[in-house]
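Accompanying notes for the structure given below.
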Amino acid sequence: MVTKILADKELNKYYSKDILIFPESKKIAPLISDLAWRILNLINKAPMYPNQIAQALRINEQKVYYHIHQMKANGLIEIVREEEKNGALCKYFAPAAHAFGVELPSPKKEIKFNQNMAETEVRDFFYEFISTGELNGSIVVGSPTTHGPYLTAARDGHYAVQLGLFLGQFCSIGEEFSVVLDTDMKLEKKQKQNMIVVGGPVTNIICSELNSKMNFFVWDKLWKITHKNKTFTEDGAGVIAKIRNPWDATKTIILVSGRDFLGTKACILAITKFSKEILKDYKKSREFIRVIQGLDLDGDGKIEKIKVLG
């Protein structure tokens with residue numbers, strides 16, 4: 001299966017959504033069922049588990065399980081989160097894409113794009129943020145004033161300027177202000193959106209809350225980065241991650257976070273200047289974790305190279 005972009009024009013405005021292309025028609029066959037179609041439309045509004053679906057549609061739960069199994073086996077839906085309820089593990093399902101189709105071999109029509117749009121890895125990595133042509137989400141930086149459980153002031157928020165200029169190649173700014181302080185995000189409870197979180201768990205309280213769920217950073221006399229049962233304590237090390245938003249599983253979070261402010265700077269440079277190297281193994285999905293280190297090769301205080309640690 002391949003995910004592509006489906007474009008549409010309405011009233012002189014262009015809209016897009018991701019479309020999952022199937023290599024053979026039998027993969028999409030489960031949607032022929034009227035009940036399967038009703039289930040798919042229901043979980044498209046919000047992720048649900050089978051018992052919820054059965055109650056909402058007033059049908060036998062076994063029928064729901066049958067269609068859920070068929071659609072999941074063929075890649076039409078996916079599990080977006082799991083929760084324990086009354087001693088049982090409930091799996092929440094959502095569509096794997098916003099559209100499904102079968103593509104026939106035919107001549108292709110060339111479309112002119114900005115040259116930078118040809119960088120597939122970057123475009124796919126930021127897809128949820130740039131697919132509409134406007135920035136869909138917020139860049140969250142740590143407050144420069146003393147705040148949070150560690151009573152620190154962020155020194156890495158200005159690095160978001162580099163990231164913003166870079167994203168400007170792929171999209172324009174929307175109506176909402178694109179940069180939000182972590183303290184404002186908490187007070188206004190805006191976490192249920194796409195977010196690019198800049199800064200570590202000490203200076204960015206949104207990163208701190210994410211870390212409590214994901215355990216990217218561990219404190220043991222000093223901050224350590226953990227990934228795939230490995231621990232990293234190198235100077236200038238940081239985490240670049242793309243994960244589901246734990247406050248809303250239909251949204252995406254990109255974490256750009258260092259052990260210290262130099263690590264955050266290295267992560268920003270990794271994305272904006274060394275993206276081909278950092279994202280070369282990226283597959284279009286909602287979860288990606290890369291531990292990197294910025295290297296100052298000539299001792300001039302500037303990062304000239306990015307090393308992938310894990």
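Quick note on naming: the chains in the structure tokens go A, B, ... in the order shown, residues restart at 1 in each chain, and ligands are numbered from 1 in order of appearance.
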
Compile the contact shell of Lys85 (chain A) as a PyMOL selection string: residues with an atom at most 12 Å away, counting only C-alpha atoms, same-chain residues fewer than 6 positions apart removed.
chain A and resi 49+51+91-92

Please, could you write that set of residues out with C-alpha atoms as a PDB file, in the first residue's frame?
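Output below, filename selection03.pdb:
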```pdb
ATOM      1  CA  TYR A  49     -13.480   0.482  20.755  1.00  0.00           C
ATOM      2  CA  ASN A  51     -18.224  -2.306  22.449  1.00  0.00           C
ATOM      3  CA  LYS A  91      -8.464  -1.080  21.759  1.00  0.00           C
ATOM      4  CA  TYR A  92      -9.535   2.125  20.040  1.00  0.00           C
TER       5      TYR A  92
END
```

Write out as CSV a residue-level contact list of region 243-264 of chain A versus region 155-170 of chain A with cut-off 9 Å: for each qualifying residue the closest pair of atoms and the distance in Å to one decimal, counting only C-alpha atoms, rows sorted by chain and residue number upward.
```
residue,atom,partner,partner_atom,distance
A:Asp260,CA,A:Asp156,CA,8.7
A:Phe261,CA,A:Asp156,CA,5.3
A:Leu262,CA,A:Asp156,CA,8.0
A:Thr264,CA,A:Asp156,CA,6.8
```

Restrict the selected residues to C-alpha atoms and save them as a JSON list (two decimals), in the first residue's frame.
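Final file, again.json:
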```json
[["chain", "number", "residue", "atom", "x", "y", "z"],
["A", 260, "ASP", "CA", 20.49, 20.75, 27.12],
["A", 261, "PHE", "CA", 19.97, 23.82, 24.93],
["A", 262, "LEU", "CA", 22.86, 22.76, 22.65],
["A", 264, "THR", "CA", 17.97, 21.23, 21.07]]
```

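The two atoms in question, CA of Glu10 (chain A) and CA of Glu134 (chain A), are spaced 16.3 Å apart.
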
For Val198 (chain A), which of A:Lys186, A:Arg259, A:Arg38, A:Lys9 is the closest residue, counting only C-alpha atoms?
A:Arg259

Quick one: residues within 10 Å of Thr231 (chain A), only C-alpha atoms counted, chain neighbours fewer than 6 positions away excluded, as a PyMOL selection string?
chain A and resi 216-218+224-225+309-310

Alpha helix (DSSP H) per DSSP on the backbone: members of region 58-292 of chain A, as a PyMOL selection string
chain A and resi 61-73+120-125+127-130+160-167+182-187+205-214+261-273+275-278

How would the residues just chosen look if you wrote them out with C-alpha atoms as a CSV table (one decimal), in the first residue's frame?
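Written out: selection_6.csv:
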```
chain,number,residue,atom,x,y,z
A,61,GLU,CA,-20.9,-6.8,19.3
A,62,GLN,CA,-19.8,-10.0,17.4
A,63,LYS,CA,-20.8,-8.4,14.1
A,64,VAL,CA,-18.6,-5.4,15.0
A,65,TYR,CA,-15.6,-7.6,15.8
A,66,TYR,CA,-16.0,-9.4,12.5
A,67,HIS,CA,-15.9,-6.2,10.4
A,68,ILE,CA,-13.2,-4.7,12.6
A,69,HIS,CA,-11.0,-7.8,12.1
A,70,GLN,CA,-11.6,-7.7,8.3
A,71,MET,CA,-10.8,-4.0,8.0
A,72,LYS,CA,-7.7,-4.2,10.2
A,73,ALA,CA,-6.4,-7.2,8.4
A,120,THR,CA,9.9,13.7,0.0
A,121,GLU,CA,11.3,12.8,3.4
A,122,VAL,CA,10.8,16.3,4.8
A,123,ARG,CA,7.4,16.7,3.2
A,124,ASP,CA,6.2,13.4,4.6
A,125,PHE,CA,7.7,14.0,8.0
A,127,TYR,CA,2.8,16.1,6.4
A,128,GLU,CA,0.2,16.7,9.1
A,129,PHE,CA,1.4,20.2,9.6
A,130,ILE,CA,1.8,21.4,5.9
A,160,ALA,CA,12.3,27.9,16.6
A,161,VAL,CA,13.0,30.8,14.3
A,162,GLN,CA,15.3,28.6,12.2
A,163,LEU,CA,12.6,25.9,12.2
A,164,GLY,CA,9.9,28.4,11.2
A,165,LEU,CA,11.9,29.8,8.3
A,166,PHE,CA,12.5,26.2,7.1
A,167,LEU,CA,8.8,25.3,7.3
A,182,ASP,CA,4.5,26.1,27.0
A,183,THR,CA,2.9,28.0,30.0
A,184,ASP,CA,0.1,29.4,27.7
A,185,MET,CA,-0.5,26.0,26.2
A,186,LYS,CA,-1.1,24.6,29.6
A,187,LEU,CA,-3.3,27.4,30.9
A,205,ILE,CA,6.6,21.7,30.5
A,206,ILE,CA,4.8,20.2,27.5
A,207,CYS,CA,7.9,18.2,26.8
A,208,SER,CA,8.0,17.2,30.5
A,209,GLU,CA,4.4,15.9,30.4
A,210,LEU,CA,5.2,14.0,27.2
A,211,ASN,CA,8.3,12.6,28.8
A,212,SER,CA,6.2,11.2,31.7
A,213,LYS,CA,4.4,9.1,29.1
A,214,MET,CA,7.2,8.2,26.7
A,261,PHE,CA,20.0,23.8,24.9
A,262,LEU,CA,22.9,22.8,22.7
A,263,GLY,CA,21.2,19.4,22.1
A,264,THR,CA,18.0,21.2,21.1
A,265,LYS,CA,20.0,23.4,18.6
A,266,ALA,CA,21.5,20.2,17.2
A,267,CYS,CA,18.0,18.7,16.7
A,268,ILE,CA,16.9,21.9,14.9
A,269,LEU,CA,20.0,21.8,12.6
A,270,ALA,CA,19.5,18.0,12.0
A,271,ILE,CA,16.0,18.7,10.6
A,272,THR,CA,16.7,21.9,8.7
A,273,LYS,CA,20.2,21.2,7.3
A,275,SER,CA,17.3,16.1,6.9
A,276,LYS,CA,18.2,13.6,4.2
A,277,GLU,CA,20.6,11.9,6.5
A,278,ILE,CA,18.4,12.0,9.6
```

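You can rank A:Ala94, A:Ile254, A:Leu279, A:Leu297 by their closest distance to Lys45 (chain A) using only C-alpha atoms, and at the top of that list sits A:Ala94.
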
What is the CA of Val239 (chain A)-CA of Thr226 (chain A) distance in Å, reported with one decimal?
9.5 Å

Give me, as CSV, the closest atom pair and its distance (Å, one decimal) for every residue of region 75-182 of chain A within a cut-off of 9 Å of region 26-30 of chain A, counting only C-alpha atoms, rows sorted by chain and rising number.
```
residue,atom,partner,partner_atom,distance
A:Gly75,CA,A:Lys27,CA,7.8
A:Leu76,CA,A:Ile28,CA,7.6
A:Phe100,CA,A:Ile28,CA,7.8
A:Gly101,CA,A:Ile28,CA,7.8
A:Val102,CA,A:Ile28,CA,8.3
```

Selected residues, C-alpha atoms, written as a PDB file, in the first residue's frame, please.
```pdb
ATOM      1  CA  GLY A  75      -4.999  -2.116   6.407  1.00  0.00           C
ATOM      2  CA  LEU A  76      -8.165   0.005   6.328  1.00  0.00           C
ATOM      3  CA  PHE A 100      -9.085   4.795   0.003  1.00  0.00           C
ATOM      4  CA  GLY A 101      -8.625   3.905  -3.641  1.00  0.00           C
ATOM      5  CA  VAL A 102      -7.201   1.635  -6.315  1.00  0.00           C
TER       6      VAL A 102
END
```

If we count only C-alpha atoms and set the cut-off at 6 Å, which residues sit around Ile240 (chain A), ignoring sequence neighbours fewer than 2 positions away in its own chain? Please answer as an MDAnalysis selection string.
chainID A and resid 255:256 289:290

List as number ranges by chain the protein and nucleic acid residues near region 137-140 of chain A, meaning an atom at most 7 Å away when only C-alpha atoms are counted, but skip any in the same chain fewer than 2 places from it.
A: 129, 135, 142, 178-182, 193-198

Please run DSSP on the backbone and report, as an NGL selection string, all residues within region 48-153 of chain A that come out as strand (DSSP E or B).
:A and (48 or 77-85 or 88-95 or 99-102 or 134 or 138-141 or 147 or 152)

Given the choices A:Ile43, A:Lys307, A:Asp296, A:Ser25, which gets closest to Leu57 (chain A) if the distance is worked out from only C-alpha atoms?
A:Ile43

Pick out the residues sitting within 8 Å of Thr3 (chain A), and hand them over as a ChimeraX atom specification; count only C-alpha atoms, and ignore anything fewer than 5 positions along from it in its own chain.
/A:18-21,284
